[in-house]
file final31.txt (compact mmCIF, C-alpha atoms)
# COMPACT_ATOMS: atom_id res chain seq x y z
CA MET A 1 57.51 3.98 -5.09
CA PHE A 2 55.63 1.01 -3.70
CA ASN A 3 57.29 -1.40 -1.41
CA PHE A 4 56.58 -5.12 -1.59
CA PRO A 5 53.86 -5.30 1.14
CA GLU A 6 51.91 -2.46 -0.50
CA LYS A 7 52.11 -4.16 -3.91
CA LEU A 8 50.95 -7.44 -2.39
CA THR A 9 48.04 -5.74 -0.62
CA LEU A 10 47.01 -3.94 -3.83
CA ALA A 11 47.16 -7.16 -5.86
CA SER A 12 45.10 -9.00 -3.23
CA THR A 13 42.50 -6.23 -3.19
CA LEU A 14 42.22 -6.24 -6.98
CA GLY A 15 41.96 -10.03 -7.04
CA LEU A 16 39.25 -10.08 -4.39
CA GLU A 17 37.31 -7.37 -6.21
CA ALA A 18 37.50 -9.36 -9.45
CA VAL A 19 36.31 -12.53 -7.68
CA ARG A 20 33.43 -10.61 -6.09
CA THR A 21 32.41 -9.19 -9.47
CA ILE A 22 32.63 -12.61 -11.13
CA LEU A 23 30.51 -14.20 -8.40
CA SER A 24 27.96 -11.41 -8.59
CA THR A 25 27.71 -11.71 -12.37
CA SER A 26 27.42 -15.50 -12.20
CA LEU A 27 24.73 -15.39 -9.53
CA ASP A 28 22.79 -12.82 -11.53
CA GLY A 29 22.76 -15.19 -14.52
CA VAL A 30 21.69 -18.11 -12.36
CA SER A 31 18.94 -15.98 -10.82
CA ARG A 32 17.64 -15.01 -14.25
CA LEU A 33 17.65 -18.64 -15.39
CA ALA A 34 15.80 -19.71 -12.24
CA GLY A 35 13.19 -16.99 -12.80
CA LEU A 36 12.73 -18.12 -16.39
CA SER A 37 12.32 -21.73 -15.25
CA VAL A 38 9.71 -20.79 -12.64
CA GLN A 39 7.81 -18.67 -15.14
CA THR A 40 7.87 -21.50 -17.70
CA ALA A 41 6.77 -24.07 -15.13
CA ARG A 42 3.80 -21.89 -14.16
CA ALA A 43 2.79 -21.48 -17.79
CA PHE A 44 3.20 -25.22 -18.37
CA ALA A 45 1.01 -26.06 -15.36
CA GLY A 46 -1.70 -23.65 -16.48
CA ARG A 47 -1.64 -25.00 -20.01
CA GLY A 48 -1.71 -28.55 -18.66
CA ALA A 49 -4.89 -27.84 -16.72
CA ARG A 50 -6.53 -26.36 -19.81
CA ASN A 51 -5.37 -29.32 -21.91
CA LEU A 52 -6.79 -31.79 -19.41
CA ALA A 53 -10.14 -30.01 -19.47
CA ALA A 54 -10.14 -30.03 -23.28
CA LEU A 55 -9.25 -33.73 -23.39
CA SER A 56 -12.04 -34.59 -21.01
CA GLU A 57 -14.51 -33.08 -23.52
CA VAL A 58 -13.31 -35.29 -26.39
CA ARG A 59 -15.85 -37.88 -27.56
CA ASP A 60 -14.24 -39.42 -30.66
CA LEU A 61 -10.93 -39.76 -32.54
CA HIS A 62 -11.59 -36.75 -34.76
CA GLY A 63 -12.15 -34.63 -31.68
CA LEU A 64 -8.93 -35.98 -30.18
CA ALA A 65 -6.96 -35.07 -33.29
CA ALA A 66 -8.52 -31.60 -33.35
CA VAL A 67 -7.54 -31.01 -29.71
CA GLN A 68 -4.16 -32.69 -29.81
CA THR A 69 -2.61 -30.70 -32.68
CA PRO A 70 -2.89 -27.25 -31.03
CA MET A 71 -1.60 -28.75 -27.77
CA VAL A 72 1.51 -30.10 -29.44
CA LEU A 73 2.14 -26.88 -31.35
CA ALA A 74 1.79 -24.80 -28.17
CA ALA A 75 4.21 -27.11 -26.32
CA VAL A 76 6.77 -26.84 -29.12
CA ASP A 77 6.42 -23.05 -29.27
CA GLN A 78 6.88 -22.75 -25.51
CA SER A 79 9.90 -25.06 -25.57
CA LEU A 80 11.53 -23.03 -28.34
CA ALA A 81 10.83 -19.75 -26.54
CA TYR A 82 12.32 -21.14 -23.32
CA SER A 83 15.41 -22.40 -25.16
CA ARG A 84 15.95 -19.10 -26.93
CA ARG A 85 15.61 -17.07 -23.74
CA ALA A 86 17.86 -19.45 -21.78
CA TRP A 87 20.46 -19.16 -24.55
CA GLU A 88 20.23 -15.34 -24.41
CA ILE A 89 20.69 -15.33 -20.64
CA CYS A 90 23.71 -17.65 -20.86
CA SER A 91 25.24 -15.60 -23.68
CA GLU A 92 24.74 -12.32 -21.81
CA SER A 93 26.22 -13.79 -18.64
CA SER A 94 29.21 -15.22 -20.51
CA LEU A 95 29.85 -11.89 -22.21
CA ALA A 96 29.70 -10.09 -18.88
CA LEU A 97 32.18 -12.56 -17.36
CA VAL A 98 34.55 -12.16 -20.31
CA LYS A 99 34.42 -8.38 -19.88
CA VAL A 100 35.22 -8.67 -16.16
CA LEU A 101 38.12 -11.03 -16.81
CA ASP A 102 39.40 -8.89 -19.68
CA THR A 103 39.28 -5.79 -17.50
CA HIS A 104 41.10 -7.58 -14.72
CA VAL A 105 43.81 -9.02 -16.99
CA THR A 106 44.43 -5.77 -18.90
CA GLY A 107 44.16 -3.70 -15.73
CA SER A 108 46.72 -5.75 -13.82
CA ALA A 109 49.17 -6.15 -16.70
call {"tool": "encode", "arguments": {"input": "final31.txt", "output": "structure tokens"}}
result
Amino acid sequence: MFNFPEKLTLASTLGLEAVRTILSTSLDGVSRLAGLSVQTARAFAGRGARNLAALSEVRDLHGLAAVQTPMVLAAVDQSLAYSRRAWEICSESSLALVKVLDTHVTGSA
């Protein structure tokens, strides 16, 4: 049979372990989002340089329209890909946090 100090120590240990796991899971999600943002910023900068070079070659309005349409489509595609991946990362992180909390609540009940 446990006495009160042992029960208190066990509860504190379980609580600290749960907090550590939650922080680790949260930081992993933030790290993945930061990596995605850096990767997207690099791609955006590279595409921007190519777009600037293409725009400097334009000589008339028809040429501008021909260059502008693919630029806009590429920007929209990249924005959608970023949004989808960011949503996936947030969903995965949320699911992991729910699992940790569920394990903690059912384990300590």
call {"tool": "residues_around", "arguments": {"input": "final31.txt", "residues": "A:Asp28", "least_positions_apart": "5", "cutoff": "12 Å", "atoms": "all atoms listed in the file", "output": "JSON list (two decimals) with C-alpha atoms, keeping the file's coordinate frame"}}
result
[["chain", "number", "residue", "atom", "x", "y", "z"],
["A", 21, "THR", "CA", 32.41, -9.19, -9.47],
["A", 22, "ILE", "CA", 32.63, -12.61, -11.13],
["A", 23, "LEU", "CA", 30.51, -14.20, -8.40],
["A", 33, "LEU", "CA", 17.65, -18.64, -15.39],
["A", 34, "ALA", "CA", 15.80, -19.71, -12.24],
["A", 35, "GLY", "CA", 13.19, -16.99, -12.80],
["A", 89, "ILE", "CA", 20.69, -15.33, -20.64],
["A", 90, "CYS", "CA", 23.71, -17.65, -20.86],
["A", 92, "GLU", "CA", 24.74, -12.32, -21.81],
["A", 93, "SER", "CA", 26.22, -13.79, -18.64],
["A", 94, "SER", "CA", 29.21, -15.22, -20.51],
["A", 96, "ALA", "CA", 29.70, -10.09, -18.88],
["A", 97, "LEU", "CA", 32.18, -12.56, -17.36]]
call {"tool": "residues_around", "arguments": {"input": "final31.txt", "residues": "A:Ala18", "least_positions_apart": "2", "cutoff": "10 Å", "atoms": "all atoms listed in the file", "output": "list in words"}}
result
Ser12, Thr13, Leu14, Gly15, Leu16, Arg20, Thr21, Ile22, Leu23, Ser24, Val100, Leu101, Thr103, His104 and Val105 of chain A
call {"tool": "write_last_selection", "arguments": {"input": "final31.txt", "atoms": "C-alpha atoms", "output": "compact mmCIF listing (two decimals), in the coordinates of the input"}}
result
# COMPACT_ATOMS: atom_id res chain seq x y z
CA SER A 12 45.10 -9.00 -3.23
CA THR A 13 42.50 -6.23 -3.19
CA LEU A 14 42.22 -6.24 -6.98
CA GLY A 15 41.96 -10.03 -7.04
CA LEU A 16 39.25 -10.08 -4.39
CA ARG A 20 33.43 -10.61 -6.09
CA THR A 21 32.41 -9.19 -9.47
CA ILE A 22 32.63 -12.61 -11.13
CA LEU A 23 30.51 -14.20 -8.40
CA SER A 24 27.96 -11.41 -8.59
CA VAL A 100 35.22 -8.67 -16.16
CA LEU A 101 38.12 -11.03 -16.81
CA THR A 103 39.28 -5.79 -17.50
CA HIS A 104 41.10 -7.58 -14.72
CA VAL A 105 43.81 -9.02 -16.99
call {"tool": "residues_around", "arguments": {"input": "final31.txt", "residues": "stretch 41-55 of chain A", "least_positions_apart": "4", "cutoff": "8 Å", "atoms": "only C-alpha atoms", "output": "MDAnalysis selection string"}}
result
chainID A and resid 37 64 67 71
call {"tool": "atom_distance", "arguments": {"input": "final31.txt", "atom1": "atom CA of A:Ala74", "atom2": "atom CA of A:Glu88"}}
result
21.1 Å
call {"tool": "atom_distance", "arguments": {"input": "final31.txt", "atom1": "atom CA of A:Ala66", "atom2": "atom CA of A:Ala81"}}
result
23.7 Å
call {"tool": "decode", "arguments": {"input": "final31.txt", "residues": "stretch 36-52 of chain A", "atoms": "all heavy atoms", "output": "tab-separated table (two decimals), in the first residue's frame"}}
result
chain	number	residue	atom	x	y	z
A	36	LEU	N	9.49	24.21	-42.98
A	36	LEU	CA	8.65	24.43	-44.16
A	36	LEU	C	8.70	25.88	-44.60
A	36	LEU	O	8.80	26.18	-45.80
A	36	LEU	CB	7.21	24.01	-43.86
A	36	LEU	CG	6.18	24.28	-44.96
A	36	LEU	CD1	6.49	23.43	-46.20
A	36	LEU	CD2	4.78	23.99	-44.45
A	37	SER	N	8.65	26.80	-43.65
A	37	SER	CA	8.69	28.23	-43.98
A	37	SER	C	10.02	28.61	-44.62
A	37	SER	O	10.05	29.37	-45.59
A	37	SER	CB	8.45	29.07	-42.72
A	37	SER	OG	7.14	28.86	-42.26
A	38	VAL	N	11.11	28.10	-44.09
A	38	VAL	CA	12.43	28.39	-44.67
A	38	VAL	C	12.53	27.83	-46.08
A	38	VAL	O	13.00	28.50	-47.00
A	38	VAL	CB	13.56	27.85	-43.76
A	38	VAL	CG1	14.90	27.89	-44.47
A	38	VAL	CG2	13.61	28.65	-42.46
A	39	GLN	N	12.09	26.61	-46.25
A	39	GLN	CA	12.12	25.97	-47.57
A	39	GLN	C	11.28	26.77	-48.57
A	39	GLN	O	11.71	27.01	-49.71
A	39	GLN	CB	11.61	24.55	-47.46
A	39	GLN	CG	11.56	23.79	-48.76
A	39	GLN	CD	10.94	22.40	-48.59
A	39	GLN	OE1	10.32	22.11	-47.57
A	39	GLN	NE2	11.10	21.57	-49.58
A	40	THR	N	10.11	27.21	-48.15
A	40	THR	CA	9.23	27.99	-49.03
A	40	THR	C	9.84	29.35	-49.34
A	40	THR	O	9.76	29.82	-50.48
A	40	THR	CB	7.85	28.14	-48.38
A	40	THR	OG1	7.31	26.84	-48.12
A	40	THR	CG2	6.89	28.90	-49.27
A	41	ALA	N	10.45	29.98	-48.36
A	41	ALA	CA	11.08	31.28	-48.59
A	41	ALA	C	12.24	31.16	-49.59
A	41	ALA	O	12.41	32.03	-50.46
A	41	ALA	CB	11.58	31.87	-47.28
A	42	ARG	N	13.00	30.09	-49.49
A	42	ARG	CA	14.10	29.88	-50.45
A	42	ARG	C	13.55	29.70	-51.86
A	42	ARG	O	14.07	30.26	-52.83
A	42	ARG	CB	14.93	28.67	-50.05
A	42	ARG	CG	15.84	28.92	-48.90
A	42	ARG	CD	16.65	27.68	-48.58
A	42	ARG	NE	17.52	27.94	-47.44
A	42	ARG	CZ	18.03	27.02	-46.68
A	42	ARG	NH1	17.79	25.74	-46.93
A	42	ARG	NH2	18.81	27.34	-45.67
A	43	ALA	N	12.51	28.90	-51.98
A	43	ALA	CA	11.90	28.66	-53.30
A	43	ALA	C	11.32	29.96	-53.85
A	43	ALA	O	11.45	30.26	-55.04
A	43	ALA	CB	10.83	27.59	-53.20
A	44	PHE	N	10.69	30.74	-52.99
A	44	PHE	CA	10.11	32.02	-53.40
A	44	PHE	C	11.20	32.98	-53.89
A	44	PHE	O	11.04	33.65	-54.91
A	44	PHE	CB	9.33	32.63	-52.24
A	44	PHE	CG	8.74	33.97	-52.56
A	44	PHE	CD1	7.59	34.05	-53.34
A	44	PHE	CD2	9.31	35.13	-52.09
A	44	PHE	CE1	7.04	35.29	-53.64
A	44	PHE	CE2	8.77	36.37	-52.39
A	44	PHE	CZ	7.62	36.44	-53.16
A	45	ALA	N	12.31	33.03	-53.17
A	45	ALA	CA	13.41	33.93	-53.56
A	45	ALA	C	14.00	33.50	-54.90
A	45	ALA	O	14.28	34.34	-55.77
A	45	ALA	CB	14.48	33.95	-52.49
A	46	GLY	N	14.18	32.21	-55.09
A	46	GLY	CA	14.71	31.71	-56.36
A	46	GLY	C	13.77	32.00	-57.52
A	46	GLY	O	14.20	32.42	-58.59
A	47	ARG	N	12.48	31.78	-57.28
A	47	ARG	CA	11.50	32.06	-58.32
A	47	ARG	C	11.42	33.55	-58.59
A	47	ARG	O	11.26	33.98	-59.74
A	47	ARG	CB	10.13	31.51	-57.92
A	47	ARG	CG	9.17	31.49	-59.11
A	47	ARG	CD	7.81	30.91	-58.77
A	47	ARG	NE	7.10	31.85	-57.92
A	47	ARG	CZ	6.67	31.59	-56.69
A	47	ARG	NH1	6.89	30.43	-56.16
A	47	ARG	NH2	6.03	32.50	-55.99
A	48	GLY	N	11.57	34.36	-57.55
A	48	GLY	CA	11.54	35.81	-57.74
A	48	GLY	C	12.67	36.30	-58.62
A	48	GLY	O	12.48	37.18	-59.47
A	49	ALA	N	13.85	35.72	-58.44
A	49	ALA	CA	14.99	36.10	-59.28
A	49	ALA	C	14.74	35.71	-60.73
A	49	ALA	O	15.03	36.50	-61.66
A	49	ALA	CB	16.26	35.44	-58.75
A	50	ARG	N	14.20	34.53	-60.95
A	50	ARG	CA	13.89	34.10	-62.32
A	50	ARG	C	12.80	34.98	-62.93
A	50	ARG	O	12.86	35.33	-64.11
A	50	ARG	CB	13.47	32.64	-62.34
A	50	ARG	CG	14.61	31.67	-62.05
A	50	ARG	CD	14.19	30.22	-62.26
A	50	ARG	NE	13.04	29.81	-61.45
A	50	ARG	CZ	13.12	29.34	-60.21
A	50	ARG	NH1	14.29	29.24	-59.61
A	50	ARG	NH2	12.03	28.97	-59.56
A	51	ASN	N	11.80	35.33	-62.12
A	51	ASN	CA	10.72	36.20	-62.62
A	51	ASN	C	11.25	37.58	-62.99
A	51	ASN	O	10.84	38.15	-64.00
A	51	ASN	CB	9.62	36.33	-61.57
A	51	ASN	CG	8.83	35.06	-61.40
A	51	ASN	OD1	8.91	34.15	-62.21
A	51	ASN	ND2	8.05	34.99	-60.33
A	52	LEU	N	12.14	38.11	-62.18
A	52	LEU	CA	12.72	39.42	-62.48
A	52	LEU	C	13.51	39.39	-63.78
A	52	LEU	O	13.40	40.30	-64.60
A	52	LEU	CB	13.60	39.88	-61.32
A	52	LEU	CG	14.18	41.29	-61.43
A	52	LEU	CD1	13.06	42.31	-61.51
A	52	LEU	CD2	15.08	41.57	-60.25
